[in-house]
Amino acid sequence: MPGSTGELRYDETFVAAVGALNSRWSWHVVHALGAGPSGFNDLRRVVRGPGPSTLKQRLSELADAGLVRREVLDGAPPRTRYSLTERGSGLLPVLAELLAWADRHRLGTDPPGTAGPLGLFQEKWAIHVVCVLLTGPHGFNELAREVGISQVTLSQRLGELERRGLVSRARGAAPAYSLSPAGLDFRVVAEPLVEWAHGTRFPHHRPGTQDGAEPAPGSAPPSGPRPPARSSQQVG
């Protein structure tokens, strides 16, 4: 972005902040609430992909992350209204950049079932992989270490990103992964996203367990995937 000083990094602060959006339909909920406060049923009509239980879970997670505010309004019966907090509203310029970027590169329409442009990054760790690759080409093992996920999950994310035309792979004994022109242009989204993350002061932990497994009921909070190997990787 203009005026960037190169201080915007892919590090634990970024991972913790973006981890709050690291579930299917979270981006869609934030985008829908960007139009203004909404009741649950109104949100269901706008965010049509998830079922009611999934939508309720996403709203609860976003509220726990301080991105969404939940209010119970007086009435018979009482009504619940959801709105973005100041922290959540800070994502709206990022979403505008993401939608413009997807439109510029004609992304988010194929294959069917990707839930539009916002669905491009609703698989866990996809956006993290792209942000790490913005720092330069990486070998597979190096990339797994930087993102902090298993090789199985990384292989899945890379395959999806290759099919979408965002990542390319150099063949050889030790294949290297790099971003396509469309992937490199994602910098216009990544830089304000990293700036937002560094302004949110999220705790340095990642929700959920490695590769997105859910913790068992009554279990202690998991520590999440290991942190990036180098906390000073620069995106800007």
# chains A, B, ... in the order shown; residues from 1 in each chain; ligands from 1
>>> closest_atom_pairs(of="region 117-142 of chain A", to="region 22-37 of chain A", cutoff="12 Å", atoms="only C-alpha atoms", output="CSV")
residue,atom,partner,partner_atom,distance
A:Pro117,CA,A:His28,CA,9.7
A:Leu118,CA,A:Trp27,CA,6.3
A:Gly119,CA,A:Trp25,CA,7.5
A:Leu120,CA,A:Trp27,CA,10.1
A:Phe121,CA,A:Arg24,CA,8.5
A:Gln122,CA,A:Arg24,CA,4.7
A:Glu123,CA,A:Arg24,CA,6.3
A:Lys124,CA,A:Asn22,CA,5.3
A:Trp125,CA,A:Asn22,CA,6.9
A:Ala126,CA,A:Asn22,CA,8.9
A:Ile127,CA,A:Asn22,CA,8.8
A:His128,CA,A:Asn22,CA,9.6
>>> residues_around(residues="Phe202 (chain A)", least_positions_apart="5", cutoff="12 Å", atoms="only C-alpha atoms", output="list in words")
Glu12, Thr13, Phe14, Val15, Ala16, Ala17, Val18, Gly19, Ala20, Asp64, Ala65, Gly66, Leu67, Arg87, Trp196, Ala197 and Pro207 of chain A
>>> atom_distance(atom1="CA of Arg163 (chain A)", atom2="CA of Leu107 (chain A)")
11.1 Å
>>> select_by_dssp(residues="region 1-131 of chain A", states="strand (DSSP E or B)", output="PyMOL selection string")
chain A and resi 9-10+38-39+68-73+79-84
>>> write_last_selection(atoms="N, CA, C and O atoms", output="PDB file, in the first residue's frame")
ATOM      1  N   ARG A   9       4.171  -7.526   8.894  1.00  0.00           N
ATOM      2  CA  ARG A   9       4.789  -8.843   8.898  1.00  0.00           C
ATOM      3  C   ARG A   9       3.754  -9.959   9.022  1.00  0.00           C
ATOM      4  O   ARG A   9       2.720  -9.808   9.650  1.00  0.00           O
ATOM      5  N   TYR A  10       4.109 -11.106   8.452  1.00  0.00           N
ATOM      6  CA  TYR A  10       3.391 -12.340   8.748  1.00  0.00           C
ATOM      7  C   TYR A  10       4.042 -12.919   9.996  1.00  0.00           C
ATOM      8  O   TYR A  10       5.139 -13.447   9.958  1.00  0.00           O
ATOM      9  N   SER A  38     -28.233  -6.575  12.210  1.00  0.00           N
ATOM     10  CA  SER A  38     -29.167  -7.529  11.622  1.00  0.00           C
ATOM     11  C   SER A  38     -29.588  -8.553  12.663  1.00  0.00           C
ATOM     12  O   SER A  38     -28.814  -8.909  13.556  1.00  0.00           O
ATOM     13  N   GLY A  39     -30.827  -9.020  12.545  1.00  0.00           N
ATOM     14  CA  GLY A  39     -31.294 -10.129  13.349  1.00  0.00           C
ATOM     15  C   GLY A  39     -30.825 -11.446  12.758  1.00  0.00           C
ATOM     16  O   GLY A  39     -30.351 -11.507  11.619  1.00  0.00           O
ATOM     17  N   VAL A  68     -17.894  -9.084  16.542  1.00  0.00           N
ATOM     18  CA  VAL A  68     -19.352  -8.951  16.447  1.00  0.00           C
ATOM     19  C   VAL A  68     -19.921  -8.695  17.834  1.00  0.00           C
ATOM     20  O   VAL A  68     -19.468  -9.264  18.831  1.00  0.00           O
ATOM     21  N   ARG A  69     -20.925  -7.834  17.893  1.00  0.00           N
ATOM     22  CA  ARG A  69     -21.634  -7.531  19.138  1.00  0.00           C
ATOM     23  C   ARG A  69     -23.023  -8.167  19.086  1.00  0.00           C
ATOM     24  O   ARG A  69     -23.723  -8.059  18.091  1.00  0.00           O
ATOM     25  N   ARG A  70     -23.398  -8.837  20.162  1.00  0.00           N
ATOM     26  CA  ARG A  70     -24.716  -9.470  20.264  1.00  0.00           C
ATOM     27  C   ARG A  70     -25.546  -8.736  21.305  1.00  0.00           C
ATOM     28  O   ARG A  70     -25.124  -8.563  22.438  1.00  0.00           O
ATOM     29  N   GLU A  71     -26.736  -8.289  20.905  1.00  0.00           N
ATOM     30  CA  GLU A  71     -27.637  -7.575  21.804  1.00  0.00           C
ATOM     31  C   GLU A  71     -28.987  -8.285  21.843  1.00  0.00           C
ATOM     32  O   GLU A  71     -29.503  -8.691  20.792  1.00  0.00           O
ATOM     33  N   VAL A  72     -29.556  -8.410  23.036  1.00  0.00           N
ATOM     34  CA  VAL A  72     -30.893  -8.962  23.190  1.00  0.00           C
ATOM     35  C   VAL A  72     -31.844  -7.794  23.418  1.00  0.00           C
ATOM     36  O   VAL A  72     -31.696  -7.028  24.378  1.00  0.00           O
ATOM     37  N   LEU A  73     -32.795  -7.638  22.514  1.00  0.00           N
ATOM     38  CA  LEU A  73     -33.728  -6.517  22.552  1.00  0.00           C
ATOM     39  C   LEU A  73     -35.005  -6.910  23.280  1.00  0.00           C
ATOM     40  O   LEU A  73     -35.487  -8.044  23.156  1.00  0.00           O
ATOM     41  N   ARG A  79     -35.825 -10.295  20.955  1.00  0.00           N
ATOM     42  CA  ARG A  79     -35.122 -10.440  19.676  1.00  0.00           C
ATOM     43  C   ARG A  79     -33.633 -10.227  19.883  1.00  0.00           C
ATOM     44  O   ARG A  79     -33.221  -9.496  20.770  1.00  0.00           O
ATOM     45  N   THR A  80     -32.842 -10.885  19.044  1.00  0.00           N
ATOM     46  CA  THR A  80     -31.391 -10.751  19.098  1.00  0.00           C
ATOM     47  C   THR A  80     -30.915  -9.973  17.885  1.00  0.00           C
ATOM     48  O   THR A  80     -31.335 -10.249  16.755  1.00  0.00           O
ATOM     49  N   ARG A  81     -30.059  -9.012  18.134  1.00  0.00           N
ATOM     50  CA  ARG A  81     -29.506  -8.207  17.044  1.00  0.00           C
ATOM     51  C   ARG A  81     -27.990  -8.303  17.067  1.00  0.00           C
ATOM     52  O   ARG A  81     -27.362  -8.227  18.119  1.00  0.00           O
ATOM     53  N   TYR A  82     -27.401  -8.452  15.880  1.00  0.00           N
ATOM     54  CA  TYR A  82     -25.958  -8.560  15.740  1.00  0.00           C
ATOM     55  C   TYR A  82     -25.441  -7.359  14.956  1.00  0.00           C
ATOM     56  O   TYR A  82     -26.084  -6.887  14.011  1.00  0.00           O
ATOM     57  N   SER A  83     -24.277  -6.897  15.346  1.00  0.00           N
ATOM     58  CA  SER A  83     -23.643  -5.781  14.645  1.00  0.00           C
ATOM     59  C   SER A  83     -22.132  -5.920  14.765  1.00  0.00           C
ATOM     60  O   SER A  83     -21.620  -6.678  15.596  1.00  0.00           O
ATOM     61  N   LEU A  84     -21.414  -5.194  13.928  1.00  0.00           N
ATOM     62  CA  LEU A  84     -19.961  -5.213  13.987  1.00  0.00           C
ATOM     63  C   LEU A  84     -19.466  -4.277  15.082  1.00  0.00           C
ATOM     64  O   LEU A  84     -19.994  -3.186  15.276  1.00  0.00           O
TER      65      LEU A  84
END
>>> select_by_dssp(residues="region 20-92 of chain A", states="helix (DSSP H, G or I)", output="PyMOL selection string")
chain A and resi 26-33+40-46+52-64+86-89+92
